[in-house]
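Asks: Supplied in structure tokens, the structure appears directly below.
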Amino acid sequence: MATAVTVKKHILELGGAFMMSREAREFGQATGVDGFHGPYTRGRGGVLGDVDADVVTAAFGFFAPDRVRSAWESVSIPPADAATGYLAACQDFGKRKLAAFPDADRLAELLQAVVTAGSPAGLALFAGWRAMPLPQNGSARVLQLVHVLRELRGGLHLMALAANRLTPSQAVLIAGSPMLDGPDQARLLGWPEPFEEITAEQRDRWSAAEALTDVLAQPYFEVLDEAEQQELATLIAAAHRVALTR
């Protein structure tokens, strides 16, 4: 099995756990804006710079444009400062959840090799987060690099959806999230109702897009030799267990 397929669940779930963590909530409280969307959008999108909300919508992809604009403009903190605060929350989450993980330095070394070698073409959030400074602490570095790789897969998936003639809203309705079905996830991300009825043919195209995302992601891991890719898969699975079962 390709490494991109083997590790994708661990990357998506570790990165997603940070976004819902107490560290992320504390960052949100520090912005002075209630709720999830404003701090999340300003923090995650802050690496894009002081841009119009349409630029953030283009990078985020899966959120309705009106939801992105209202969230982006609700936080007055400069984007660069918001990104720095969100980064600190990510690192603190890593320090807390992976404090007992003995192989953090080695996992971070492997993840950094993948992140550093990959092309950023068409992947604005991946490029922006890759440019952020890395900490010395291995546990913090692992979570930051996982976040960067999560942005990589998200950007590649948007490309794959477009190649399979699916809109972001259709993808949300089909895939949902680990916690919500498609329609509830679409409501959370701000898409207006009534929702279109998803066809079996569209679901097949989504499956093709998911497979294409795996194909697009795999070359990024091939900067590592086969033994290193296997080591990466083993270590990130172990980090996932430590972080999400404690």
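Every chain in the structure tokens has a letter given in the order shown (A, B, ...), and although residue numbers restart at 1 in each chain, ligands are simply numbered from 1 in the order shown.
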Give me, as JSON lines, the closest atom pair and its distance (Å, one decimal) for every residue of stretch 46-120 of chain A within a cut-off of 8 Å of stretch 136-145 of chain A, counting only C-alpha atoms, rows sorted by chain and rising number.
Replies:
```
{"residue": "A:Leu87", "atom": "CA", "partner": "A:Gln144", "partner_atom": "CA", "distance": 7.4}
{"residue": "A:Cys90", "atom": "CA", "partner": "A:Gln144", "partner_atom": "CA", "distance": 6.2}
{"residue": "A:Gln91", "atom": "CA", "partner": "A:Ala140", "partner_atom": "CA", "distance": 4.2}
{"residue": "A:Asp92", "atom": "CA", "partner": "A:Ala140", "partner_atom": "CA", "distance": 6.4}
{"residue": "A:Phe93", "atom": "CA", "partner": "A:Ala140", "partner_atom": "CA", "distance": 7.2}
{"residue": "A:Gly94", "atom": "CA", "partner": "A:Ala140", "partner_atom": "CA", "distance": 4.4}
{"residue": "A:Lys95", "atom": "CA", "partner": "A:Ala140", "partner_atom": "CA", "distance": 5.1}
{"residue": "A:Leu98", "atom": "CA", "partner": "A:Ser139", "partner_atom": "CA", "distance": 5.4}
{"residue": "A:Ala99", "atom": "CA", "partner": "A:Ser139", "partner_atom": "CA", "distance": 6.4}
{"residue": "A:Phe101", "atom": "CA", "partner": "A:Ser139", "partner_atom": "CA", "distance": 7.6}
{"residue": "A:Ala104", "atom": "CA", "partner": "A:Gly138", "partner_atom": "CA", "distance": 5.1}
{"residue": "A:Asp105", "atom": "CA", "partner": "A:Gly138", "partner_atom": "CA", "distance": 4.7}
{"residue": "A:Leu107", "atom": "CA", "partner": "A:Val142", "partner_atom": "CA", "distance": 6.8}
{"residue": "A:Ala108", "atom": "CA", "partner": "A:Val142", "partner_atom": "CA", "distance": 4.8}
{"residue": "A:Leu111", "atom": "CA", "partner": "A:Leu145", "partner_atom": "CA", "distance": 6.3}
{"residue": "A:Gln112", "atom": "CA", "partner": "A:Leu145", "partner_atom": "CA", "distance": 6.6}
{"residue": "A:Val115", "atom": "CA", "partner": "A:Leu145", "partner_atom": "CA", "distance": 7.3}
```
Asks: Keeping only all heavy atoms, write the selected residues to a file as a compact mmCIF listing (two decimals), in the first residue's frame.
Replies:
```
# COMPACT_ATOMS: atom_id res chain seq x y z
N LEU A 87 -0.27 28.98 15.38
CA LEU A 87 0.91 28.12 15.36
C LEU A 87 1.32 27.74 16.78
O LEU A 87 1.61 26.57 17.06
CB LEU A 87 2.06 28.83 14.66
CG LEU A 87 3.43 28.16 14.71
CD1 LEU A 87 3.40 26.83 13.97
CD2 LEU A 87 4.49 29.08 14.11
N CYS A 90 -0.93 25.11 18.09
CA CYS A 90 -0.62 23.81 17.49
C CYS A 90 0.58 23.18 18.18
O CYS A 90 0.58 22.00 18.53
CB CYS A 90 -0.35 24.01 16.00
SG CYS A 90 0.10 22.49 15.11
N GLN A 91 1.62 23.98 18.40
CA GLN A 91 2.82 23.47 19.06
C GLN A 91 2.52 23.05 20.49
O GLN A 91 2.99 22.00 20.95
CB GLN A 91 3.90 24.54 19.02
CG GLN A 91 4.41 24.84 17.63
CD GLN A 91 5.35 26.04 17.59
OE1 GLN A 91 5.51 26.75 18.58
NE2 GLN A 91 5.96 26.28 16.43
N ASP A 92 1.74 23.84 21.20
CA ASP A 92 1.39 23.50 22.58
C ASP A 92 0.58 22.21 22.64
O ASP A 92 0.74 21.41 23.58
CB ASP A 92 0.62 24.64 23.24
CG ASP A 92 1.51 25.85 23.54
OD1 ASP A 92 2.75 25.71 23.50
OD2 ASP A 92 0.95 26.93 23.81
N PHE A 93 -0.30 22.01 21.68
CA PHE A 93 -1.06 20.76 21.61
C PHE A 93 -0.10 19.59 21.45
O PHE A 93 -0.24 18.55 22.10
CB PHE A 93 -2.05 20.83 20.45
CG PHE A 93 -2.82 19.55 20.22
CD1 PHE A 93 -3.87 19.20 21.06
CD2 PHE A 93 -2.51 18.71 19.16
CE1 PHE A 93 -4.59 18.03 20.85
CE2 PHE A 93 -3.22 17.54 18.95
CZ PHE A 93 -4.27 17.19 19.79
N GLY A 94 0.88 19.73 20.56
CA GLY A 94 1.86 18.68 20.38
C GLY A 94 2.65 18.39 21.64
O GLY A 94 2.88 17.21 22.00
N LYS A 95 3.08 19.43 22.33
CA LYS A 95 3.83 19.24 23.57
C LYS A 95 3.00 18.48 24.61
O LYS A 95 3.52 17.62 25.33
CB LYS A 95 4.25 20.59 24.15
CG LYS A 95 5.31 21.32 23.33
CD LYS A 95 5.57 22.69 23.95
CE LYS A 95 6.50 23.53 23.10
NZ LYS A 95 6.69 24.88 23.68
N LEU A 98 1.96 14.66 22.98
CA LEU A 98 3.05 13.75 22.60
C LEU A 98 4.22 13.81 23.58
O LEU A 98 5.32 13.37 23.25
CB LEU A 98 3.53 14.06 21.18
CG LEU A 98 2.54 13.76 20.06
CD1 LEU A 98 3.12 14.15 18.71
CD2 LEU A 98 2.15 12.28 20.05
N ALA A 99 3.98 14.32 24.76
CA ALA A 99 5.06 14.40 25.76
C ALA A 99 5.63 13.01 26.08
O ALA A 99 6.82 12.89 26.36
CB ALA A 99 4.54 15.07 27.02
N PHE A 101 5.72 10.46 23.97
CA PHE A 101 6.09 9.74 22.75
C PHE A 101 7.60 9.81 22.57
O PHE A 101 8.15 10.89 22.35
CB PHE A 101 5.36 10.35 21.54
CG PHE A 101 5.66 9.68 20.24
CD1 PHE A 101 5.41 8.33 20.06
CD2 PHE A 101 6.20 10.40 19.18
CE1 PHE A 101 5.67 7.70 18.86
CE2 PHE A 101 6.47 9.78 17.97
CZ PHE A 101 6.21 8.43 17.81
N ALA A 104 9.63 11.26 18.94
CA ALA A 104 9.17 12.49 18.31
C ALA A 104 10.24 13.11 17.42
O ALA A 104 9.94 13.57 16.31
CB ALA A 104 8.71 13.49 19.36
N ASP A 105 11.48 13.13 17.88
CA ASP A 105 12.54 13.76 17.08
C ASP A 105 12.73 13.05 15.75
O ASP A 105 12.88 13.69 14.71
CB ASP A 105 13.85 13.78 17.86
CG ASP A 105 13.86 14.81 18.99
OD1 ASP A 105 13.02 15.74 18.96
OD2 ASP A 105 14.70 14.67 19.89
N LEU A 107 10.49 11.09 14.15
CA LEU A 107 9.31 11.28 13.32
C LEU A 107 9.32 12.68 12.71
O LEU A 107 9.02 12.84 11.52
CB LEU A 107 8.04 11.08 14.15
CG LEU A 107 6.70 11.33 13.42
CD1 LEU A 107 6.59 10.52 12.14
CD2 LEU A 107 5.53 11.04 14.36
N ALA A 108 9.70 13.68 13.49
CA ALA A 108 9.77 15.04 12.96
C ALA A 108 10.80 15.13 11.84
O ALA A 108 10.58 15.83 10.84
CB ALA A 108 10.12 16.02 14.07
N LEU A 111 9.12 13.59 8.73
CA LEU A 111 8.06 14.48 8.25
C LEU A 111 8.64 15.73 7.60
O LEU A 111 8.15 16.19 6.55
CB LEU A 111 7.14 14.88 9.40
CG LEU A 111 6.25 13.79 10.00
CD1 LEU A 111 5.60 14.29 11.28
CD2 LEU A 111 5.19 13.33 9.00
N GLN A 112 9.69 16.27 8.19
CA GLN A 112 10.29 17.48 7.64
C GLN A 112 10.90 17.22 6.27
O GLN A 112 10.84 18.08 5.38
CB GLN A 112 11.34 18.04 8.59
CG GLN A 112 11.85 19.41 8.18
CD GLN A 112 12.72 20.06 9.24
OE1 GLN A 112 12.83 19.55 10.36
NE2 GLN A 112 13.33 21.17 8.90
N VAL A 115 7.95 17.32 3.84
CA VAL A 115 7.44 18.68 3.70
C VAL A 115 8.38 19.57 2.91
O VAL A 115 7.97 20.34 2.03
CB VAL A 115 7.18 19.28 5.11
CG1 VAL A 115 7.01 20.78 5.05
CG2 VAL A 115 5.94 18.64 5.72
```
Asks: Tell me, which residues of stretch 39-234 of chain A carry DSSP helix (DSSP H, G or I), written as JSON, numbers by chain?
Replies: {"A": [39, 40, 41, 42, 43, 44, 45, 46, 47, 48, 53, 54, 55, 56, 57, 58, 59, 60, 65, 66, 67, 68, 69, 70, 71, 72, 73, 74, 79, 80, 81, 82, 83, 84, 85, 86, 87, 88, 89, 90, 91, 92, 93, 94, 95, 96, 97, 104, 105, 106, 107, 108, 109, 110, 111, 112, 113, 114, 115, 116, 117, 124, 125, 126, 127, 128, 129, 130, 138, 139, 140, 141, 142, 143, 144, 145, 146, 147, 148, 149, 150, 151, 152, 153, 154, 155, 156, 157, 158, 159, 160, 161, 162, 163, 168, 169, 170, 171, 172, 173, 174, 175, 182, 183, 184, 185, 186, 187, 188, 200, 201, 202, 203, 204, 205, 206, 207, 208, 209, 210, 211, 212, 213, 214, 215, 216, 217, 218, 219, 220, 221, 226, 227, 228, 229, 230, 231, 232, 233, 234]}
Asks: Quick one: everything within 12 Å of A:Ala17, counting only C-alpha atoms, minus sequence neighbours fewer than 2 positions away in the same chain. Send it as a PyMOL selection string.
Replies: chain A and resi 9-15+19-25+89-90+93-94+97+143+146-147+150+178-179+240+243-245
Asks: Got a sec: who's within 8 Å of A:Gly182, counting only C-alpha atoms, leaving out chain neighbours fewer than 6 positions off, as number ranges by chain?
Replies: A: 172-176
Asks: The selected residues should be written to file as a PDB file, in the first residue's frame (atoms: C-alpha atoms).
Replies:
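Contents of the output file result.pdb:
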```pdb
ATOM      1  CA  VAL A 172     -19.023  18.116   1.510  1.00  0.00           C
ATOM      2  CA  LEU A 173     -22.489  16.647   0.980  1.00  0.00           C
ATOM      3  CA  ILE A 174     -20.946  13.343  -0.106  1.00  0.00           C
ATOM      4  CA  ALA A 175     -18.125  13.003   2.420  1.00  0.00           C
ATOM      5  CA  GLY A 176     -19.434  14.746   5.517  1.00  0.00           C
TER       6      GLY A 176
END
```
Asks: Choose the residue, out of A:Asp214, A:Asp66, A:Glu151, A:Asp103, that has the smallest atom-to-atom separation from A:Leu189; count only C-alpha atoms.
Replies: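 Looking only at the distances to A:Leu189, the closest residue turns out to be A:Asp66.
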Asks: Between A:Ala131, A:Ala160, A:Ala121, A:Val68, single out the one closest to A:Asp54, counting only C-alpha atoms.
Replies: A:Val68
Asks: Could you name the residues that touch A:Glu222 at 10 Å or less, counting only C-alpha atoms, but leaving out those on the same chain fewer than 3 positions away, as JSON, numbers by chain?
Replies: {"A": [2, 3, 4, 113, 114, 117, 118, 217, 218, 219, 225, 226, 228, 229]}
Asks: I'd like the contact shell of A:Glu193 - 10 Å cut-off, only C-alpha atoms, skipping same-chain residues fewer than 4 positions apart - returned as a list in words.
Replies: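 Those residues are Pro183, Ala186 and Arg187 of chain A.
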Asks: Kindly export the residues of the current selection with all heavy atoms, as a CSV table (one decimal), in the first residue's frame.
Replies:
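Everything below was put into again25.csv:
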```csv
chain,number,residue,atom,x,y,z
A,183,PRO,N,-25.2,16.6,5.0
A,183,PRO,CA,-26.0,17.8,5.1
A,183,PRO,C,-25.6,18.6,6.4
A,183,PRO,O,-25.5,19.8,6.4
A,183,PRO,CB,-27.4,17.3,5.2
A,183,PRO,CG,-27.3,16.0,4.4
A,183,PRO,CD,-26.0,15.4,4.7
A,186,ALA,N,-22.4,20.3,5.8
A,186,ALA,CA,-22.6,21.5,4.8
A,186,ALA,C,-23.2,22.7,5.6
A,186,ALA,O,-22.8,23.8,5.3
A,186,ALA,CB,-23.5,21.0,3.7
A,187,ARG,N,-24.1,22.4,6.5
A,187,ARG,CA,-24.6,23.5,7.3
A,187,ARG,C,-23.6,24.2,8.2
A,187,ARG,O,-23.5,25.4,8.3
A,187,ARG,CB,-25.8,23.0,8.2
A,187,ARG,CG,-27.0,22.6,7.5
A,187,ARG,CD,-28.1,22.1,8.4
A,187,ARG,NE,-29.2,21.5,7.6
A,187,ARG,CZ,-29.4,20.2,7.5
A,187,ARG,NH1,-28.6,19.3,8.1
A,187,ARG,NH2,-30.3,19.7,6.7
```
Asks: Could you please determine the separation between atom CA of A:Leu134 and atom CA of A:Gly122 in Å, to one decimal place?
Replies: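 Those two atoms sit 22.6 Å apart.
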Asks: Do a neighbour search on A:Leu188 at 10 Å with only C-alpha atoms, toss out local chain neighbours closer than 6 positions, and write the hits as JSON, numbers by chain.
Replies: {"A": [37, 63, 64, 67, 180, 182]}
